file structure.txt (compact mmCIF, C-alpha atoms)
# COMPACT_ATOMS: atom_id res chain seq x y z
CA MET V 15 22.50 117.15 -110.72
CA HIS V 16 19.45 118.79 -109.22
CA SER V 17 16.59 120.00 -111.39
CA ASN V 18 15.25 123.49 -110.84
CA LEU V 19 11.79 122.40 -111.99
CA PRO V 20 9.18 122.77 -109.26
CA ILE V 21 8.06 119.56 -107.63
CA SER V 22 4.52 118.82 -108.78
CA GLN V 23 2.01 118.68 -105.98
CA PRO V 24 -0.83 116.12 -105.99
CA GLN V 25 -3.96 117.70 -107.37
CA GLN V 26 -6.68 118.42 -104.88
CA PRO V 27 -10.08 116.92 -105.77
CA SER V 28 -12.40 119.49 -107.23
CA HIS V 29 -15.14 120.76 -104.95
CA SER V 30 -18.21 118.56 -105.18
CA PRO V 31 -21.41 120.61 -105.55
CA LEU V 32 -23.34 118.86 -102.76
CA THR V 33 -20.54 118.78 -100.17
CA GLY V 34 -21.92 119.66 -96.75
CA LYS V 35 -25.53 118.91 -97.73
CA THR V 36 -27.54 116.17 -96.00
CA ILE V 37 -30.26 114.65 -98.17
CA LEU V 38 -33.04 112.27 -97.16
CA VAL V 39 -33.97 109.84 -99.94
CA THR V 40 -37.38 108.21 -99.78
CA ARG V 41 -37.43 105.07 -101.88
CA SER V 42 -38.77 101.53 -102.17
CA VAL V 43 -37.72 98.81 -99.74
CA GLY V 44 -34.99 96.74 -101.39
CA GLN V 45 -34.68 99.12 -104.33
CA SER V 46 -31.19 99.67 -105.66
CA SER V 47 -29.48 102.74 -104.25
CA GLN V 48 -28.39 104.20 -107.59
CA PHE V 49 -29.96 107.55 -106.78
CA SER V 50 -28.28 107.65 -103.37
CA ASP V 51 -24.95 106.70 -104.96
CA ARG V 52 -25.36 109.51 -107.50
CA LEU V 53 -25.96 112.07 -104.73
CA LYS V 54 -22.99 110.75 -102.73
CA ALA V 55 -20.78 111.04 -105.82
CA GLU V 56 -21.69 114.75 -105.87
CA GLY V 57 -20.57 115.09 -102.24
CA ALA V 58 -23.85 114.75 -100.33
CA THR V 59 -24.40 112.91 -97.08
CA VAL V 60 -27.35 110.62 -97.80
CA ILE V 61 -29.83 109.14 -95.34
CA GLU V 62 -32.35 106.63 -96.69
CA LEU V 63 -35.93 106.23 -95.57
CA PRO V 64 -37.75 103.42 -97.40
CA ALA V 65 -41.28 104.80 -97.83
CA LEU V 66 -42.65 102.23 -100.26
CA GLU V 67 -42.83 98.45 -100.23
CA ILE V 68 -43.40 96.57 -103.49
CA THR V 69 -45.23 93.23 -103.18
CA PRO V 70 -47.20 90.86 -105.45
CA PRO V 71 -50.87 91.72 -106.14
CA SER V 72 -53.65 90.20 -104.03
CA SER V 73 -54.42 87.77 -106.90
CA TRP V 74 -52.50 86.65 -109.97
CA ARG V 75 -55.64 85.47 -111.77
CA PRO V 76 -56.33 88.58 -113.93
CA LEU V 77 -52.68 88.77 -115.06
CA ASP V 78 -52.49 85.03 -115.76
CA GLN V 79 -55.66 85.24 -117.83
CA ALA V 80 -54.26 88.18 -119.83
CA ILE V 81 -50.98 86.31 -120.40
CA SER V 82 -52.94 83.33 -121.77
CA GLN V 83 -54.53 85.70 -124.31
CA LEU V 84 -51.43 87.72 -125.31
CA SER V 85 -51.99 87.08 -129.01
CA THR V 86 -55.25 89.09 -128.90
CA PHE V 87 -53.51 92.35 -127.88
CA ASN V 88 -51.97 95.01 -130.13
CA TRP V 89 -49.96 96.91 -127.51
CA LEU V 90 -48.40 96.29 -124.11
CA ILE V 91 -48.04 99.45 -121.96
CA LEU V 92 -45.45 99.48 -119.16
CA THR V 93 -45.16 102.58 -116.97
CA SER V 94 -42.66 101.49 -114.30
CA GLY V 95 -39.70 99.23 -113.71
CA ASN V 96 -41.81 97.30 -111.18
CA ALA V 97 -44.43 96.60 -113.85
CA VAL V 98 -41.71 95.31 -116.20
CA GLU V 99 -40.14 92.99 -113.63
CA TYR V 100 -43.35 91.56 -112.16
CA PHE V 101 -44.93 91.09 -115.59
CA LEU V 102 -41.92 89.28 -117.06
CA LYS V 103 -41.47 87.07 -114.00
CA ARG V 104 -45.13 86.08 -114.21
CA LEU V 105 -44.75 85.42 -117.93
CA GLU V 106 -42.03 82.92 -117.03
CA THR V 107 -44.17 81.38 -114.27
CA ASN V 108 -46.79 80.74 -116.95
CA GLY V 109 -44.26 78.79 -119.00
CA LYS V 110 -43.63 81.52 -121.56
CA ASN V 111 -40.60 83.66 -122.40
CA LYS V 112 -40.03 86.99 -124.10
CA THR V 113 -40.72 85.47 -127.54
CA ALA V 114 -44.39 85.45 -126.49
CA LEU V 115 -44.22 89.25 -126.86
CA ASN V 116 -43.01 89.18 -130.47
CA GLN V 117 -46.47 89.89 -131.90
CA LEU V 118 -47.01 92.79 -129.50
CA LYS V 119 -45.80 96.36 -129.73
CA ILE V 120 -44.46 97.68 -126.43
CA ALA V 121 -44.71 101.26 -125.17
CA VAL V 122 -42.95 102.37 -121.98
CA VAL V 123 -43.03 105.54 -119.91
CA GLY V 124 -39.69 106.75 -118.63
CA LYS V 125 -36.01 106.16 -119.22
CA LYS V 126 -35.73 103.92 -116.13
CA THR V 127 -38.59 101.71 -117.34
CA ALA V 128 -36.92 101.39 -120.74
CA GLN V 129 -33.62 100.48 -119.05
CA VAL V 130 -35.25 97.74 -116.98
CA LEU V 131 -36.95 96.37 -120.10
CA SER V 132 -33.63 96.53 -121.97
CA SER V 133 -31.95 94.53 -119.20
CA TYR V 134 -34.16 91.63 -120.34
CA SER V 135 -32.95 92.24 -123.93
CA ILE V 136 -36.34 93.60 -124.95
CA LYS V 137 -36.54 96.87 -126.86
CA ALA V 138 -39.50 99.21 -126.53
CA ASP V 139 -41.27 100.14 -129.77
CA PHE V 140 -42.26 103.53 -128.40
CA ILE V 141 -40.99 105.82 -125.62
CA PRO V 142 -42.77 109.19 -125.36
CA PRO V 143 -40.57 112.31 -125.33
CA HIS V 144 -41.58 113.27 -121.77
CA PHE V 145 -41.34 110.77 -118.97
CA ILE V 146 -44.94 111.04 -117.81
CA ALA V 147 -48.03 109.02 -118.69
CA ASP V 148 -49.84 112.01 -120.22
CA SER V 149 -47.10 112.27 -122.85
CA LEU V 150 -47.77 108.68 -123.89
CA VAL V 151 -51.35 109.54 -124.89
CA ILE V 152 -50.49 112.79 -126.65
CA ASN V 153 -47.65 111.30 -128.70
CA PHE V 154 -48.94 107.77 -129.29
CA PRO V 155 -47.60 106.65 -132.70
CA GLU V 156 -50.80 105.03 -133.97
CA LYS V 157 -54.49 105.86 -133.96
CA LEU V 158 -55.91 104.45 -130.76
CA ALA V 159 -59.34 103.61 -132.15
CA GLY V 160 -59.69 99.83 -132.39
CA GLN V 161 -56.45 99.06 -130.52
CA LYS V 162 -56.54 96.42 -127.79
CA ILE V 163 -54.09 97.41 -125.06
CA LEU V 164 -52.76 95.38 -122.13
CA PHE V 165 -51.83 97.56 -119.16
CA PRO V 166 -50.10 95.69 -116.28
CA ARG V 167 -50.03 98.11 -113.38
CA VAL V 168 -50.02 98.75 -109.64
CA GLU V 169 -53.07 97.28 -107.93
CA THR V 170 -54.20 100.36 -106.03
CA GLY V 171 -53.57 104.08 -106.13
CA GLY V 172 -52.47 104.46 -109.73
CA ARG V 173 -53.65 107.40 -111.85
CA GLN V 174 -56.58 106.73 -114.15
CA ILE V 175 -55.92 109.55 -116.62
CA LEU V 176 -54.02 107.29 -119.02
CA VAL V 177 -56.74 104.63 -119.19
CA GLU V 178 -59.54 107.18 -119.45
CA GLU V 179 -57.85 108.97 -122.35
CA PHE V 180 -57.10 105.75 -124.22
CA ILE V 181 -60.73 104.65 -123.89
CA HIS V 182 -61.94 108.11 -124.88
CA GLN V 183 -59.95 107.76 -128.11
CA GLY V 184 -61.50 104.40 -128.91
CA ALA V 185 -59.03 101.87 -127.52
CA GLU V 186 -59.96 98.81 -125.47
CA VAL V 187 -57.80 98.77 -122.35
CA ILE V 188 -57.40 95.69 -120.16
CA GLU V 189 -55.93 96.72 -116.80
CA VAL V 190 -54.39 93.93 -114.74
CA PRO V 191 -52.95 94.26 -111.22
CA THR V 192 -49.33 93.17 -111.51
CA TYR V 193 -47.79 94.38 -108.26
CA GLU V 194 -48.83 96.35 -105.19
CA SER V 195 -47.15 99.21 -103.39
CA SER V 196 -47.79 99.61 -99.70
CA CYS V 197 -46.49 101.54 -96.73
CA PRO V 198 -43.63 100.04 -94.67
CA HIS V 199 -44.05 99.83 -90.89
CA ASN V 200 -40.90 101.48 -89.55
CA ILE V 201 -38.66 104.50 -89.95
CA PRO V 202 -34.89 103.91 -89.69
CA GLU V 203 -33.47 105.49 -86.54
CA ASP V 204 -30.98 107.69 -88.39
CA ALA V 205 -33.77 109.11 -90.55
CA GLU V 206 -35.99 109.80 -87.55
CA ASN V 207 -33.13 111.53 -85.72
CA ALA V 208 -32.27 113.68 -88.74
CA LEU V 209 -35.91 114.79 -89.05
CA ARG V 210 -36.27 115.44 -85.33
CA ASN V 211 -33.02 117.41 -85.14
CA HIS V 212 -33.77 119.52 -88.25
CA THR V 213 -30.46 118.49 -89.86
CA LEU V 214 -31.78 117.76 -93.36
CA ASP V 215 -31.09 120.17 -96.19
CA VAL V 216 -33.24 118.34 -98.75
CA ILE V 217 -35.84 115.57 -98.78
CA THR V 218 -36.49 113.88 -102.13
CA PHE V 219 -39.64 112.25 -103.49
CA ALA V 220 -39.76 110.20 -106.69
CA SER V 221 -43.49 109.41 -106.71
CA SER V 222 -46.77 110.57 -105.23
CA LYS V 223 -47.03 107.39 -103.18
CA THR V 224 -43.69 108.04 -101.46
CA VAL V 225 -45.06 111.43 -100.39
CA GLN V 226 -48.29 109.89 -99.07
CA PHE V 227 -46.57 107.01 -97.29
CA PHE V 228 -43.90 109.32 -95.82
CA CYS V 229 -46.72 111.29 -94.20
CA LEU V 230 -48.34 108.08 -92.92
CA LEU V 231 -45.03 106.74 -91.59
CA THR V 232 -44.22 109.92 -89.70
CA ALA V 233 -47.72 110.52 -88.29
CA ASN V 234 -47.17 108.41 -85.16
CA LYS V 235 -43.58 109.49 -84.54
CA PHE V 236 -44.31 113.19 -85.07
CA PRO V 237 -47.84 113.81 -83.69
CA GLU V 238 -47.28 117.56 -83.82
CA GLY V 239 -47.11 117.29 -87.61
CA ILE V 240 -44.10 116.41 -89.76
CA ILE V 241 -44.36 119.71 -91.60
CA ASN V 242 -43.09 121.43 -88.43
CA PHE V 243 -39.82 119.51 -88.77
CA LEU V 244 -39.27 120.49 -92.40
CA ASN V 245 -39.07 124.28 -91.96
CA ASN V 246 -35.41 124.41 -93.00
CA THR V 247 -35.60 121.49 -95.43
CA GLN V 248 -36.08 121.83 -99.19
CA ILE V 249 -38.76 119.52 -100.62
CA ALA V 250 -37.53 118.09 -103.93
CA SER V 251 -39.83 116.38 -106.43
CA ILE V 252 -39.12 114.30 -109.52
CA GLY V 253 -41.97 115.74 -111.57
CA PRO V 254 -45.33 117.53 -111.82
CA GLN V 255 -47.58 114.80 -110.42
CA THR V 256 -45.33 114.25 -107.41
CA SER V 257 -45.12 118.03 -106.95
CA LYS V 258 -48.92 118.23 -106.88
CA THR V 259 -49.02 115.69 -104.05
CA CYS V 260 -46.29 117.63 -102.20
CA MET V 261 -48.38 120.79 -102.54
CA ASP V 262 -51.47 118.97 -101.25
CA LEU V 263 -49.72 117.48 -98.21
CA PHE V 264 -46.93 119.96 -97.40
CA GLY V 265 -48.26 123.16 -98.96
CA ARG V 266 -45.08 123.66 -100.97
CA VAL V 267 -42.46 122.16 -103.24
CA ASP V 268 -39.08 123.86 -103.48
CA ILE V 269 -37.20 121.91 -106.15
CA GLU V 270 -38.61 120.12 -109.21
CA ALA V 271 -36.66 118.12 -111.76
CA GLU V 272 -36.79 119.41 -115.33
CA GLU V 273 -36.18 115.89 -116.64
CA TYR V 274 -38.31 113.45 -114.66
CA THR V 275 -35.53 111.03 -113.75
CA ALA V 276 -33.18 110.45 -110.82
CA GLU V 277 -30.42 112.19 -112.76
CA GLY V 278 -32.78 115.09 -113.48
CA LEU V 279 -33.60 115.36 -109.78
CA THR V 280 -29.89 115.30 -108.89
CA GLN V 281 -29.21 118.13 -111.33
CA ALA V 282 -32.15 120.14 -109.96
CA ILE V 283 -30.71 119.86 -106.43
CA ILE V 284 -27.27 120.94 -107.68
CA LYS V 285 -28.89 123.91 -109.44
CA TRP V 286 -30.64 124.88 -106.20
CA VAL V 287 -27.27 124.79 -104.37
CA ASN V 288 -25.62 126.92 -107.03
CA ASP V 289 -28.44 129.48 -107.07

call {"tool": "encode", "arguments": {"input": "structure.txt", "output": "structure tokens"}}
result
Amino acid sequence: MHSNLPISQPQQPSHSPLTGKTILVTRSVGQSSQFSDRLKAEGATVIELPALEITPPSSWRPLDQAISQLSTFNWLILTSGNAVEYFLKRLETNGKNKTALNQLKIAVVGKKTAQVLSSYSIKADFIPPHFIADSLVINFPEKLAGQKILFPRVETGGRQILVEEFIHQGAEVIEVPTYESSCPHNIPEDAENALRNHTLDVITFASSKTVQFFCLLTANKFPEGIINFLNNTQIASIGPQTSKTCMDLFGRVDIEAEEYTAEGLTQAIIKWVND
């Protein structure tokens, strides 16, 4: 006996919002490709151009000295996943573990930083509502006067606004170089070809340094100026500080994340496509 019911057809996958778009992702050498994977999941073709290399600082001495005096600090401030990882690895090198942080309160900037810290089973005591350093100062949960703060950070090129504001409000801030970020030496061939052939729809930047190092990396390969190869490419930034650097070096920024995270940047790109 034959049924008259229609034969069900396999459902077609829904249209992905970034299908047909080619996106260049500037990121750290060796960094996980979670952002790229997120864009690919939305249908994009992704080309990666590592524009940042994370290395140890020129000397461990200042950090080692601070670690030996951990009990004298009130707060530990961590503003990047790199700061978390390098600080905790050095803690271990000095024969200590996370229990050495029990007497400290920990403040982090950014969801990603908090996630990296959480991966070590350490919970932040304070995460500001906006994922930028300025928000940390404005919303700090205690009076800063009299606080002694340990700030492990990038060795060169970091913003001073956070430290200056903490000091202005009466805190003692000990800055210690914990890692360094430098410019890689080469551009992957597929990234160079995509730039040269004007085939990129979007180029993404997740920090001011990736913008600066991208310009340094491309200076030799594109002596006529990289900006001439970005005429049809949207410049996408993760947040206000990165956007400012894009404005300084490119004269424009076309897409800015509302939430200053990789997911926020993905959503901003999707919004641009839909608009």

call {"tool": "atom_distance", "arguments": {"input": "structure.txt", "atom1": "CA of Glu272 (chain V)", "atom2": "CA of Glu62 (chain V)"}}
result
23.0 Å

call {"tool": "residues_around", "arguments": {"input": "structure.txt", "residues": "Glu270 (chain V)", "least_positions_apart": "4", "cutoff": "8 Å", "atoms": "only C-alpha atoms", "output": "MDAnalysis selection string"}}
result
chainID V and resid 250:254 257 279 282

call {"tool": "write_last_selection", "arguments": {"input": "structure.txt", "atoms": "C-alpha atoms", "output": "short mmCIF file (atom, residue, chain, number, x, y, z; two decimals), in the frame of the given file"}}
result
data_model
loop_
_atom_site.label_atom_id
_atom_site.label_comp_id
_atom_site.auth_asym_id
_atom_site.auth_seq_id
_atom_site.Cartn_x
_atom_site.Cartn_y
_atom_site.Cartn_z
CA ALA V 250 -37.53 118.09 -103.93
CA SER V 251 -39.83 116.38 -106.43
CA ILE V 252 -39.12 114.30 -109.52
CA GLY V 253 -41.97 115.74 -111.57
CA PRO V 254 -45.33 117.53 -111.82
CA SER V 257 -45.12 118.03 -106.95
CA LEU V 279 -33.60 115.36 -109.78
CA ALA V 282 -32.15 120.14 -109.96
#

call {"tool": "closest_residue", "arguments": {"input": "structure.txt", "among": "V:Arg210, V:Lys223, V:Lys157, V:Arg173", "to": "Ala65 (chain V)", "atoms": "all atoms listed in the file"}}
result
V:Lys223

call {"tool": "closest_residue", "arguments": {"input": "structure.txt", "among": "V:Ser30, V:Thr280, V:Gln161, V:Gln48", "to": "Asn88 (chain V)", "atoms": "only C-alpha atoms"}}
result
V:Gln161

call {"tool": "residues_around", "arguments": {"input": "structure.txt", "residues": "Thr259 (chain V)", "least_positions_apart": "4", "cutoff": "9 Å", "atoms": "only C-alpha atoms", "output": "PyMOL selection string"}}
result
chain V and resi 221-223+225-226+254-255+263-264

call {"tool": "residues_around", "arguments": {"input": "structure.txt", "residues": "Ala233 (chain V)", "least_positions_apart": "3", "cutoff": "12 Å", "atoms": "only C-alpha atoms", "output": "ChimeraX atom specification"}}
result
/V:199-201,206,226-230,236-243

call {"tool": "closest_residue", "arguments": {"input": "structure.txt", "among": "V:Leu231, V:Leu32, V:Ile188, V:Ile217", "to": "Asn245 (chain V)", "atoms": "all atoms listed in the file"}}
result
V:Ile217

call {"tool": "residues_around", "arguments": {"input": "structure.txt", "residues": "Leu66 (chain V)", "least_positions_apart": "4", "cutoff": "7 Å", "atoms": "all atoms listed in the file", "output": "PDB file with C-alpha atoms, keeping the file's coordinate frame"}}
result
ATOM      1  CA  ARG V  41     -37.430 105.070-101.880  1.00  0.00           C
ATOM      2  CA  SER V  42     -38.770 101.530-102.170  1.00  0.00           C
ATOM      3  CA  VAL V  43     -37.720  98.810 -99.740  1.00  0.00           C
ATOM      4  CA  SER V 195     -47.150  99.210-103.390  1.00  0.00           C
ATOM      5  CA  SER V 196     -47.790  99.610 -99.700  1.00  0.00           C
ATOM      6  CA  CYS V 197     -46.490 101.540 -96.730  1.00  0.00           C
ATOM      7  CA  PRO V 198     -43.630 100.040 -94.670  1.00  0.00           C
ATOM      8  CA  THR V 224     -43.690 108.040-101.460  1.00  0.00           C
ATOM      9  CA  PHE V 227     -46.570 107.010 -97.290  1.00  0.00           C
TER      10      PHE V 227
END
